[in-house]
$ cat target_20.tsv   # TSV, C-alpha atoms
chain	number	residue	atom	x	y	z
A	37	MET	CA	0.00	0.00	0.00
A	38	GLU	CA	1.05	3.63	-0.46
A	39	ALA	CA	3.04	4.97	2.47
A	40	ARG	CA	0.84	7.80	3.71
A	41	ILE	CA	3.67	8.94	5.93
A	42	LEU	CA	5.66	9.77	2.77
A	43	ALA	CA	2.86	10.74	0.39
A	44	GLY	CA	2.34	14.32	1.59
A	45	MET	CA	5.96	15.24	1.02
A	46	GLN	CA	5.97	13.52	-2.36
A	47	ASP	CA	2.89	15.51	-3.41
A	48	ARG	CA	4.51	18.78	-2.39
A	49	VAL	CA	7.62	18.06	-4.43
A	50	SER	CA	5.48	17.08	-7.41
A	51	ARG	CA	3.52	20.35	-7.23
A	52	ASP	CA	6.61	22.52	-6.77
A	53	SER	CA	8.43	20.84	-9.68
A	54	GLY	CA	6.06	22.64	-12.05
A	55	ASP	CA	7.12	26.07	-10.77
A	56	GLY	CA	10.65	25.95	-12.14
A	57	ASP	CA	14.04	24.48	-11.27
A	58	VAL	CA	14.68	26.67	-8.22
A	59	SER	CA	11.34	25.85	-6.63
A	60	TYR	CA	11.82	22.17	-7.47
A	61	PHE	CA	15.26	22.14	-5.88
A	62	GLN	CA	14.03	23.90	-2.73
A	63	SER	CA	11.36	21.23	-2.35
A	64	LEU	CA	13.90	18.47	-2.84
A	65	THR	CA	16.10	19.87	-0.05
A	66	LEU	CA	13.04	19.91	2.22
A	67	ARG	CA	12.39	16.32	1.20
A	68	MET	CA	15.98	15.48	2.19
A	69	GLU	CA	15.51	17.04	5.63
A	70	PHE	CA	12.22	15.20	6.06
A	71	LEU	CA	13.78	11.82	5.20
A	72	VAL	CA	16.83	12.38	7.43
A	73	LYS	CA	14.62	13.21	10.41
A	74	LEU	CA	11.97	10.55	9.77
A	75	THR	CA	14.56	7.79	9.30
A	76	THR	CA	16.49	8.86	12.39
A	77	ALA	CA	13.36	8.99	14.56
A	78	ALA	CA	12.33	5.51	13.41
A	79	VAL	CA	15.79	3.97	13.88
A	80	VAL	CA	16.13	5.39	17.40
A	81	ALA	CA	12.68	3.97	18.25
A	82	CYS	CA	14.01	0.49	17.44
A	83	LEU	CA	16.45	0.65	20.36
A	84	ASP	CA	15.54	-1.20	23.54
A	85	ASP	CA	15.90	0.48	26.91
A	86	ASP	CA	19.16	-0.18	28.77
A	87	ALA	CA	20.74	0.82	32.06
A	88	ASP	CA	22.68	3.67	30.44
A	89	ARG	CA	19.50	4.99	28.77
A	90	ASN	CA	21.06	5.27	25.33
A	91	ARG	CA	17.74	5.61	23.49
A	92	TYR	CA	16.54	8.31	25.88
A	93	GLY	CA	19.84	10.17	25.49
A	94	LEU	CA	19.51	10.20	21.70
A	95	GLU	CA	15.90	11.43	21.88
A	96	HIS	CA	16.95	14.04	24.44
A	97	LYS	CA	19.47	15.37	21.92
A	98	LEU	CA	17.03	15.33	18.99
A	99	VAL	CA	14.28	17.38	20.64
A	100	ARG	CA	16.93	20.06	21.28
A	101	ALA	CA	18.64	19.80	17.89
A	102	ASN	CA	18.73	23.13	16.04
A	103	SER	CA	20.57	21.83	12.97
A	104	LEU	CA	20.10	18.95	10.55
A	105	GLY	CA	23.69	17.87	11.16
A	106	GLU	CA	22.79	16.87	14.72
A	107	TRP	CA	20.17	14.49	13.31
A	108	SER	CA	22.66	12.75	11.02
A	109	GLU	CA	25.08	12.50	13.95
A	110	VAL	CA	22.42	10.79	16.07
A	111	LEU	CA	21.62	8.41	13.20
A	112	ARG	CA	25.30	7.53	12.87
A	113	ASP	CA	25.74	7.15	16.64
A	114	SER	CA	22.71	4.91	16.96
A	115	LEU	CA	23.79	2.66	14.08
A	116	ILE	CA	27.50	2.25	14.82
A	117	GLY	CA	28.00	3.76	18.29
A	118	PRO	CA	27.69	2.15	21.74
A	119	SER	CA	23.90	2.11	21.53
A	120	ALA	CA	23.95	-0.22	18.48
A	121	GLN	CA	24.14	-3.27	20.75
A	122	PHE	CA	20.67	-2.47	22.10
A	123	PHE	CA	18.69	-2.73	18.88
A	124	ALA	CA	15.74	-5.07	19.28
A	125	PRO	CA	16.52	-8.37	17.49
A	126	PRO	CA	13.70	-8.00	14.91
A	127	SER	CA	15.18	-4.67	13.79
A	128	ARG	CA	18.64	-6.06	13.03
A	129	ALA	CA	17.80	-6.39	9.31
A	130	ILE	CA	16.88	-2.69	9.21
A	131	VAL	CA	20.18	-1.77	10.85
A	132	ARG	CA	22.13	-4.01	8.50
A	133	GLU	CA	20.48	-2.41	5.46
A	134	LEU	CA	21.78	0.97	6.57
A	135	THR	CA	25.26	-0.08	7.69
A	136	GLU	CA	26.30	-2.86	5.28
A	137	ARG	CA	28.93	-1.76	2.76
A	138	VAL	CA	27.85	-2.71	-0.76
A	139	GLY	CA	29.15	-2.40	-4.32
A	140	PRO	CA	27.84	-0.72	-7.49
A	141	SER	CA	25.32	-3.46	-8.28
A	142	ASP	CA	23.30	-2.69	-5.15
A	143	TRP	CA	20.56	-0.01	-5.08
A	144	ARG	CA	22.03	1.38	-1.87
A	145	TYR	CA	25.35	2.12	-3.56
A	146	ARG	CA	23.55	3.85	-6.43
A	147	VAL	CA	21.71	6.07	-3.94
A	148	VAL	CA	24.97	7.16	-2.32
A	149	GLU	CA	26.56	7.56	-5.75
A	150	GLY	CA	23.70	9.77	-6.97
A	151	LEU	CA	23.92	12.07	-3.98
A	152	ASP	CA	27.70	12.13	-4.30
A	153	THR	CA	27.26	13.29	-7.90
A	154	ALA	CA	25.17	16.20	-6.63
A	155	ALA	CA	27.79	16.95	-4.00
A	156	LYS	CA	30.49	17.14	-6.67
A	157	ILE	CA	28.42	19.66	-8.63
A	158	LEU	CA	28.58	21.83	-5.50
A	159	ALA	CA	32.35	21.23	-5.22
A	160	LEU	CA	31.90	19.31	-1.98
A	161	PRO	CA	34.54	16.67	-1.17
A	162	SER	CA	33.74	13.20	-2.47
A	163	SER	CA	32.97	10.66	0.23
A	164	ILE	CA	32.31	7.47	-1.73
A	165	GLY	CA	34.71	4.65	-2.57
A	166	HIS	CA	34.37	1.27	-4.25
A	167	ARG	CA	31.92	0.22	-1.55
A	168	ALA	CA	29.48	2.36	0.39
A	169	ALA	CA	26.96	2.11	3.22
A	170	LEU	CA	23.51	3.62	2.85
A	171	ARG	CA	23.92	5.62	6.07
A	172	GLN	CA	26.46	7.77	4.16
A	173	ALA	CA	23.59	9.07	2.01
A	174	PHE	CA	22.12	10.91	4.97
A	175	ASP	CA	25.44	12.58	5.75
A	176	ILE	CA	25.68	13.75	2.12
A	177	CYS	CA	22.10	15.06	2.31
A	178	VAL	CA	23.16	17.28	5.21
A	179	GLN	CA	26.20	18.55	3.30
A	180	ILE	CA	24.10	19.42	0.24
A	181	ARG	CA	21.45	21.13	2.34
A	182	ASN	CA	23.98	23.19	4.27
A	183	ARG	CA	25.87	24.20	1.10
A	184	THR	CA	22.69	25.39	-0.62
A	185	ARG	CA	19.74	26.36	1.60
A	186	GLY	CA	21.91	26.91	4.67
A	187	HIS	CA	24.96	28.76	3.36
A	188	GLY	CA	24.54	29.27	-0.35
A	189	ALA	CA	22.82	31.23	-3.12
A	190	THR	CA	22.11	28.47	-5.62
A	191	THR	CA	21.46	29.61	-9.19
A	192	ALA	CA	18.74	28.28	-11.47
A	193	GLU	CA	21.34	26.69	-13.74
A	194	ARG	CA	22.90	24.81	-10.87
A	195	CYS	CA	19.47	23.75	-9.57
A	196	HIS	CA	18.78	22.34	-13.03
A	197	ASP	CA	21.86	20.11	-12.73
A	198	LEU	CA	21.26	19.12	-9.11
A	199	CYS	CA	17.61	18.09	-9.26
A	200	PRO	CA	17.82	14.86	-11.35
A	201	PRO	CA	20.42	12.94	-9.27
A	202	ILE	CA	18.90	14.10	-5.96
A	203	ALA	CA	15.34	13.23	-7.00
A	204	ALA	CA	16.40	9.77	-8.20
A	205	ALA	CA	18.30	9.06	-4.97
A	206	LEU	CA	15.50	10.18	-2.68
A	207	GLY	CA	12.92	8.28	-4.70
A	208	SER	CA	14.99	5.11	-4.40
A	209	ILE	CA	15.28	5.51	-0.61
A	210	GLU	CA	11.53	5.92	-0.26
A	211	GLU	CA	10.80	3.01	-2.57
A	212	ASN	CA	13.30	0.52	-1.17
A	213	LEU	CA	14.20	1.33	2.44
A	214	ALA	CA	12.81	-1.49	4.55
A	215	ILE	CA	11.80	0.70	7.47
A	216	PHE	CA	9.17	2.39	5.27
A	217	HIS	CA	7.70	-1.00	4.33
A	218	GLN	CA	7.10	-1.96	7.96
A	219	PRO	CA	3.59	-1.38	9.33
A	220	TRP	CA	3.17	2.17	10.65
A	221	ALA	CA	-0.02	3.42	12.30
A	222	TYR	CA	-1.35	6.26	14.37
A	223	LEU	CA	-3.20	4.94	17.42
A	224	ARG	CA	-5.74	6.93	19.38
A	225	ARG	CA	-7.62	5.33	22.25
A	226	ASN	CA	-11.36	5.96	22.37
A	227	LEU	CA	-13.36	6.36	25.58
A	228	SER	CA	-14.41	2.72	25.19
A	229	GLY	CA	-10.77	1.70	25.62
A	230	LYS	CA	-10.56	0.46	22.02
A	231	TYR	CA	-8.38	2.16	19.43
A	232	ARG	CA	-8.83	4.12	16.28
A	233	VAL	CA	-6.10	2.78	13.96
A	234	THR	CA	-4.98	5.10	11.14
A	235	PRO	CA	-2.65	3.40	8.64
A	236	LEU	CA	0.51	5.33	7.76
A	237	ALA	CA	2.58	2.70	5.92
A	238	GLY	CA	2.89	-1.02	5.29
A	239	GLY	CA	-0.67	-2.02	6.23
A	240	THR	CA	-2.22	-2.25	9.68
A	241	THR	CA	-2.53	-6.03	10.13
A	242	PRO	CA	-0.41	-6.15	13.34
A	243	PHE	CA	-2.51	-3.31	14.79
A	244	ASP	CA	-5.99	-4.40	13.69
A	245	TYR	CA	-6.74	-6.34	16.89
A	246	LEU	CA	-6.59	-3.05	18.81
A	247	ARG	CA	-9.81	-1.91	17.12
A	248	SER	CA	-11.69	-4.33	19.37
A	249	ASP	CA	-9.22	-4.70	22.25
A	250	ALA	CA	-9.92	-2.55	25.31
A	251	GLU	CA	-7.30	-4.20	27.53
A	252	THR	CA	-3.98	-3.25	25.92
A	253	PRO	CA	-2.71	0.07	27.37
A	254	LEU	CA	-0.90	2.14	24.72
A	255	ALA	CA	-0.36	5.88	24.66
A	256	ASN	CA	-1.78	7.82	21.73
A	257	GLY	CA	0.80	8.36	19.02
A	258	VAL	CA	2.64	7.03	15.98
A	259	TYR	CA	3.79	3.40	16.16
A	260	LEU	CA	6.12	1.31	14.05
A	261	HIS	CA	5.72	-2.47	14.14
A	262	VAL	CA	9.08	-4.26	14.12
A	263	GLY	CA	8.55	-7.48	16.03
A	264	ASP	CA	6.34	-5.55	18.44
A	265	HIS	CA	4.65	-2.16	18.62
A	266	ARG	CA	7.31	0.52	19.07
A	267	MET	CA	6.17	4.06	19.68
A	268	VAL	CA	7.98	6.70	17.59
A	269	PRO	CA	7.48	9.69	19.90
A	270	LEU	CA	9.37	12.16	17.70
A	271	VAL	CA	6.92	11.76	14.79
A	272	ILE	CA	3.81	13.84	15.40
A	273	TYR	CA	0.64	13.05	13.47
A	274	PHE	CA	-2.23	15.51	13.29
A	275	GLU	CA	-5.33	13.43	12.82
A	276	SER	CA	-7.59	16.31	11.76
A	277	SER	CA	-5.35	17.30	8.83
A	278	SER	CA	-3.47	14.03	8.20
A	279	ASP	CA	-0.28	16.06	8.53
A	280	ILE	CA	3.12	14.84	9.76
A	281	ALA	CA	5.43	17.04	11.86
A	282	LEU	CA	8.96	16.49	13.15
A	283	PRO	CA	11.03	18.22	15.86
A	284	ASN	CA	12.56	21.53	14.80
A	285	GLY	CA	14.54	22.58	17.89
A	286	ALA	CA	13.78	25.72	19.93
A	287	PHE	CA	13.48	23.74	23.19
A	288	ARG	CA	12.49	25.99	26.08
A	289	ASN	CA	10.01	26.05	28.94
A	290	GLN	CA	9.54	22.26	28.66
A	291	GLU	CA	8.35	22.60	25.05
A	292	PHE	CA	9.91	22.25	21.62
A	293	GLU	CA	8.87	23.22	18.12
A	294	VAL	CA	7.64	20.75	15.52
A	295	LEU	CA	7.52	21.57	11.82
A	296	SER	CA	5.41	20.18	8.99
A	297	TYR	CA	7.57	19.98	5.89
A	298	ILE	CA	4.37	19.61	3.88
A	299	THR	CA	2.43	22.71	5.00
A	300	ASP	CA	5.14	24.80	6.72
A	301	ASP	CA	2.97	24.86	9.86
A	302	THR	CA	4.77	24.95	13.21
A	303	THR	CA	3.49	24.31	16.69
A	304	ARG	CA	4.97	23.71	20.11
A	305	VAL	CA	4.51	20.40	21.89
A	306	ASP	CA	5.16	19.14	25.40
A	307	GLY	CA	8.74	18.09	26.05
A	308	ALA	CA	8.38	17.13	29.72
A	309	ALA	CA	9.31	13.52	28.91
A	310	TRP	CA	12.84	14.70	27.99
A	311	MET	CA	13.60	17.02	30.89
A	312	THR	CA	15.79	14.62	32.90
A	313	PRO	CA	19.51	14.80	32.00
A	314	PRO	CA	20.52	11.76	29.90
A	315	THR	CA	22.73	10.04	32.46
A	316	SER	CA	22.62	6.59	33.98
A	317	LEU	CA	20.25	6.14	36.88
A	318	PRO	CA	22.06	6.17	40.23
A	319	PRO	CA	22.04	2.91	42.21
A	320	SER	CA	18.87	2.36	44.19
A	321	GLU	CA	19.30	2.60	47.95
A	322	THR	CA	16.87	-0.31	48.29
A	323	GLU	CA	18.40	-2.53	45.61
A	324	GLY	CA	18.70	-6.14	46.68
A	325	GLN	CA	22.03	-7.93	47.03
A	326	SER	CA	23.36	-9.54	43.84
A	327	ASP	CA	23.58	-13.00	45.45
A	328	LEU	CA	21.58	-15.03	47.92
A	329	GLY	CA	23.18	-15.21	51.35
A	330	VAL	CA	22.23	-16.69	54.70
A	331	VAL	CA	20.30	-14.47	57.10
A	332	GLY	CA	19.14	-16.37	60.15
A	333	GLY	CA	17.49	-19.50	58.79
A	334	VAL	CA	16.73	-18.39	55.20
A	335	LEU	CA	18.51	-17.68	51.97
A	336	THR	CA	17.86	-14.10	50.90
A	337	ASN	CA	19.24	-11.09	49.04
A	338	LEU	CA	17.59	-8.68	51.49
A	339	PRO	CA	19.29	-5.23	51.63
A	340	PRO	CA	20.95	-4.37	54.92
A	341	LYS	CA	19.02	-2.38	57.49
A	342	ALA	CA	19.27	1.37	57.10
A	343	ARG	CA	21.84	3.15	59.25
A	344	GLY	CA	20.30	4.71	62.31
A	345	HIS	CA	17.22	2.50	62.01
A	346	VAL	CA	14.67	3.41	64.69
A	347	PRO	CA	12.50	0.35	65.47
A	348	ARG	CA	8.76	0.75	65.03
A	349	ASP	CA	7.80	-2.36	66.91
A	350	PHE	CA	4.04	-2.23	66.40
A	351	LEU	CA	4.17	-1.69	62.61
A	352	GLU	CA	7.01	-4.15	62.07
A	353	GLU	CA	5.24	-6.87	64.06
A	354	ARG	CA	1.94	-6.17	62.31
A	355	LEU	CA	3.60	-6.65	58.93
A	356	ALA	CA	5.46	-9.76	60.14
A	357	GLU	CA	2.12	-11.29	61.18
A	358	GLU	CA	0.82	-10.91	57.64
A	359	LEU	CA	4.01	-12.33	56.13
A	360	ARG	CA	3.87	-15.40	58.40
A	361	ILE	CA	0.64	-16.51	56.70
A	362	VAL	CA	1.61	-19.43	54.47
A	363	ASP	CA	-1.72	-21.12	53.69
A	364	ARG	CA	-2.54	-18.51	51.06
A	365	HIS	CA	-0.60	-16.09	48.88
A	366	PRO	CA	-1.61	-12.52	49.75
A	367	ILE	CA	-0.25	-9.25	48.45
A	368	VAL	CA	0.53	-6.97	51.36
A	369	SER	CA	0.78	-3.25	50.57
A	370	LEU	CA	2.27	-0.52	52.73
A	371	THR	CA	0.88	2.90	51.88
A	372	GLY	CA	1.93	6.39	52.86
A	373	ALA	CA	3.84	9.42	51.68
A	374	GLY	CA	7.32	9.02	50.27
A	375	GLY	CA	10.16	8.95	52.78
A	376	ILE	CA	8.20	8.03	55.90
A	377	GLY	CA	9.87	4.61	56.25
A	378	LYS	CA	7.76	2.02	54.39
A	379	THR	CA	10.80	0.28	52.93
A	380	THR	CA	12.66	0.39	56.25
A	381	ILE	CA	9.71	-1.25	58.02
A	382	ALA	CA	9.52	-3.97	55.34
A	383	ILE	CA	13.24	-4.78	55.62
A	384	ALA	CA	13.05	-4.88	59.42
A	385	ALA	CA	9.98	-7.16	59.40
A	386	ILE	CA	11.54	-9.59	56.93
A	387	ASP	CA	14.81	-9.61	58.88
A	388	LYS	CA	12.82	-10.42	62.05
A	389	ILE	CA	11.11	-13.36	60.33
A	390	ALA	CA	14.38	-14.66	58.87
A	391	ASN	CA	15.99	-14.73	62.32
A	392	GLU	CA	13.17	-16.65	64.00
A	393	GLU	CA	13.94	-20.14	65.29
A	394	ARG	CA	11.73	-21.75	62.63
A	395	PRO	CA	11.12	-19.23	59.86
A	396	PRO	CA	8.13	-19.99	57.59
A	397	TYR	CA	10.18	-19.62	54.39
A	398	ASP	CA	13.32	-21.19	53.00
A	399	VAL	CA	14.05	-18.38	50.52
A	400	VAL	CA	13.10	-14.70	50.55
A	401	VAL	CA	13.80	-12.77	47.34
A	402	TRP	CA	13.85	-8.98	47.43
A	403	THR	CA	13.22	-6.98	44.24
A	404	SER	CA	13.19	-3.21	44.09
A	405	ALA	CA	10.84	-1.60	41.59
A	406	ARG	CA	13.90	0.29	40.37
A	407	ASP	CA	15.28	-3.05	39.17
A	408	ILE	CA	12.30	-3.70	36.89
A	409	ASP	CA	11.53	-2.19	33.50
A	410	LEU	CA	8.17	-0.61	34.28
A	411	LEU	CA	6.53	-0.22	30.90
A	412	GLU	CA	3.06	1.04	30.02
A	413	SER	CA	2.12	-2.56	29.19
A	414	GLY	CA	3.24	-3.78	32.61
A	415	PRO	CA	6.44	-4.86	34.39

$ encode --input "target_20.tsv" --output "C-alpha cells"
Amino acid sequence: MEARILAGMQDRVSRDSGDGDVSYFQSLTLRMEFLVKLTTAAVVACLDDDADRNRYGLEHKLVRANSLGEWSEVLRDSLIGPSAQFFAPPSRAIVRELTERVGPSDWRYRVVEGLDTAAKILALPSSIGHRAALRQAFDICVQIRNRTRGHGATTAERCHDLCPPIAAALGSIEENLAIFHQPWAYLRRNLSGKYRVTPLAGGTTPFDYLRSDAETPLANGVYLHVGDHRMVPLVIYFESSSDIALPNGAFRNQEFEVLSYITDDTTRVDGAAWMTPPTSLPPSETEGQSDLGVVGGVLTNLPPKARGHVPRDFLEERLAEELRIVDRHPIVSLTGAGGIGKTTIAIAAIDKIANEERPPYDVVVWTSARDIDLLESGP
C-alpha cells in the first residue's frame, strides 16, 4: 500500500516541480531534511531500553537539535556507536540495510553515488569509494542542504543540474528502504478503551486487533511495528489534517517546536518527557544484594538495614504477622507518603522473620521496583 507517511511530502515536491528548477530544488532539499529526520526517529525507536538509557539520550538530543547535522550525527551514533548493541533483534535487518557496505550493483550504492554526484556539482569533497553504506547518504544530504539552503545562493542553472540525481536518490530511498515498508499506524484510544487505527505505511494487520481490544494500554501516538509495537514519539501526526510534523529545535520552557515539511505549519509540543539529564540512573538505595546469602534461617538477598534505624515495633510486628501466613498467597501493601519509612519497616519485618527459630520460608527474594523495566504494558 502507499506509504501515507511519505505521500504528503511527495505531493509537495510534485507540485513545486512545475514552478521551475529553483522551486523544485528547494522542495527536494526539504524532502531530504524530512527523510533524514523521519529515518532517524524511526531507527532510534528500534532501540531497547538499557541501564545507560542510550535511546533516551539520543531522543533528548534530537528534541533540542537546532541543525540537521545533529540528526545525522544521532543516526550515525545509533547505528555504529555504543547504543547499536541495544537494537531489538527484529530490527537487526533494518540496521544491516543501513550499515552494510555494498558495491555498485546494489541499489544502496547507487543512492549514495547519486547524492555524491550532486555533492560534486557543489564542489563538496567526495565521500564514496568502491563500496558504500547507505547511512552515508544521509550525511551527504546534510552537506548538500547546508551548502545550498543553509549557506549558499544556488542559481537556477545549478538547480537544473542538481535536481535529477537528488530526486532519483530520494525516490529510491523511499521506494526501497525497509523501514518504510514496515507497518506504521497512528493509534488513538477511544473512551471505550478500544483504538482508532490510522494506517501510515505497510498495512495495519499487526494493529488491527486493537480496534476491538480494550485491555492493551498504549499511549496515543505514531507506532512502528518491528517485532512488536514501538512508539515513535518524535513523529507527530495531526489526525484532523493528516499532517506529519517532526522536531525543529527551539526547546524551552519544557516545550519544543515541531515543523510540517508539507504545509510549513509549526506548533509547540510538550517536552516534559525529555527534561531529565541523559545520564545513567544512580544505584537504588533499596536494591537487593546480587547474590543469595544466609540471614538467620533463610537464603535471601535482602538489603541491609538502614543506618540509624529506629525500630517501630508495632508496625514491624503487624507486617510480620501478615508475612507469616503461608496457607494462602496474599499481596501486602504498605501505603503512605514518600520517605516516611515504608521500605525500612519492610526490611526490618523480613529480617525479624528470617531470624526466628523456625522461619516460615526457605528463601526470601527482594526486588526493588527500580530493578524492573516498568513499561506502560506492565512490568

$ atom_distance --input "target_20.tsv" --atom1 "atom CA of A:His217" --atom2 "atom CA of A:Arg181"
26.1 Å

$ closest_residue --input "target_20.tsv" --among "A:Asn284, A:Ser59, A:Ser141, A:Asn182" --to "A:Leu98" --atoms "only C-alpha atoms"
A:Asn284

$ atom_distance --input "target_20.tsv" --atom1 "atom CA of A:Thr190" --atom2 "atom CA of A:Leu206"
19.7 Å

$ closest_residue --input "target_20.tsv" --among "A:Ala205, A:Val262, A:Leu213, A:Val233" --to "A:Glu275" --atoms "only C-alpha atoms"
A:Val233

$ residues_near_point --input "target_20.tsv" --point "(23.0, 1.5, 3.8)" --cutoff "9 Å" --atoms "all atoms listed in the file" --output "list in words"
Val131, Arg132, Glu133, Leu134, Thr135, Glu136, Arg137, Val138, Arg144, Tyr145, Val148, Ala168, Ala169, Leu170, Arg171, Gln172, Ala173 and Leu213 of chain A

$ write_last_selection --input "target_20.tsv" --atoms "C-alpha atoms" --output "CSV table (one decimal), in the frame of the given file"
chain,number,residue,atom,x,y,z
A,131,VAL,CA,20.2,-1.8,10.8
A,132,ARG,CA,22.1,-4.0,8.5
A,133,GLU,CA,20.5,-2.4,5.5
A,134,LEU,CA,21.8,1.0,6.6
A,135,THR,CA,25.3,-0.1,7.7
A,136,GLU,CA,26.3,-2.9,5.3
A,137,ARG,CA,28.9,-1.8,2.8
A,138,VAL,CA,27.8,-2.7,-0.8
A,144,ARG,CA,22.0,1.4,-1.9
A,145,TYR,CA,25.4,2.1,-3.6
A,148,VAL,CA,25.0,7.2,-2.3
A,168,ALA,CA,29.5,2.4,0.4
A,169,ALA,CA,27.0,2.1,3.2
A,170,LEU,CA,23.5,3.6,2.8
A,171,ARG,CA,23.9,5.6,6.1
A,172,GLN,CA,26.5,7.8,4.2
A,173,ALA,CA,23.6,9.1,2.0
A,213,LEU,CA,14.2,1.3,2.4

$ residues_around --input "target_20.tsv" --residues "A:Leu295" --least-positions-apart "6" --cutoff "6 Å" --atoms "all atoms listed in the file" --output "short mmCIF file (atom, residue, chain, number, x, y, z; two decimals) with C-alpha atoms, in the frame of the given file"
data_model
loop_
_atom_site.label_atom_id
_atom_site.label_comp_id
_atom_site.auth_asym_id
_atom_site.auth_seq_id
_atom_site.Cartn_x
_atom_site.Cartn_y
_atom_site.Cartn_z
CA ALA A 281 5.43 17.04 11.86
CA LEU A 282 8.96 16.49 13.15
CA ASN A 284 12.56 21.53 14.80
CA ASP A 301 2.97 24.86 9.86
CA THR A 302 4.77 24.95 13.21
#

$ residues_around --input "target_20.tsv" --residues "A:Glu393" --least-positions-apart "5" --cutoff "12 Å" --atoms "only C-alpha atoms" --output "NGL selection string"
:A and (331-334 or 388)

$ closest_residue --input "target_20.tsv" --among "A:Arg225, A:Lys156, A:Lys341, A:Arg40" --to "A:Leu198" --atoms "all atoms listed in the file"
A:Lys156

$ atom_distance --input "target_20.tsv" --atom1 "atom CA of A:Ile381" --atom2 "atom CA of A:Pro395"
18.1 Å

$ residues_around --input "target_20.tsv" --residues "A:Ile383" --least-positions-apart "4" --cutoff "12 Å" --atoms "all atoms listed in the file" --output "VMD selection string"
chain A and resid 322 to 324 336 to 342 345 347 to 348 351 to 353 355 to 356 359 377 to 379 387 to 390 400 to 404

$ residues_around --input "target_20.tsv" --residues "A:Gln46" --least-positions-apart "3" --cutoff "10 Å" --atoms "all atoms listed in the file" --output "ChimeraX atom specification"
/A:40-43,49-51,63-64,67,207,210,298

$ closest_residue --input "target_20.tsv" --among "A:Asp57, A:Leu94, A:Ser163, A:Thr380" --to "A:Val346" --atoms "only C-alpha atoms"
A:Thr380

$ closest_residue --input "target_20.tsv" --among "A:Pro314, A:Gly44, A:Gly93, A:Gly117" --to "A:Ser277" --atoms "only C-alpha atoms"
A:Gly44

$ residues_near_point --input "target_20.tsv" --point "(4.4, 6.9, 14.8)" --cutoff "12 Å" --atoms "all atoms listed in the file" --output "number ranges by chain"
A: 40-41, 74-75, 77-79, 81-82, 216, 218-224, 233-237, 255-261, 265-275, 280-282

$ closest_residue --input "target_20.tsv" --among "A:Ile176, A:Val110, A:Leu160, A:Ala192" --to "A:Val58" --atoms "all atoms listed in the file"
A:Ala192
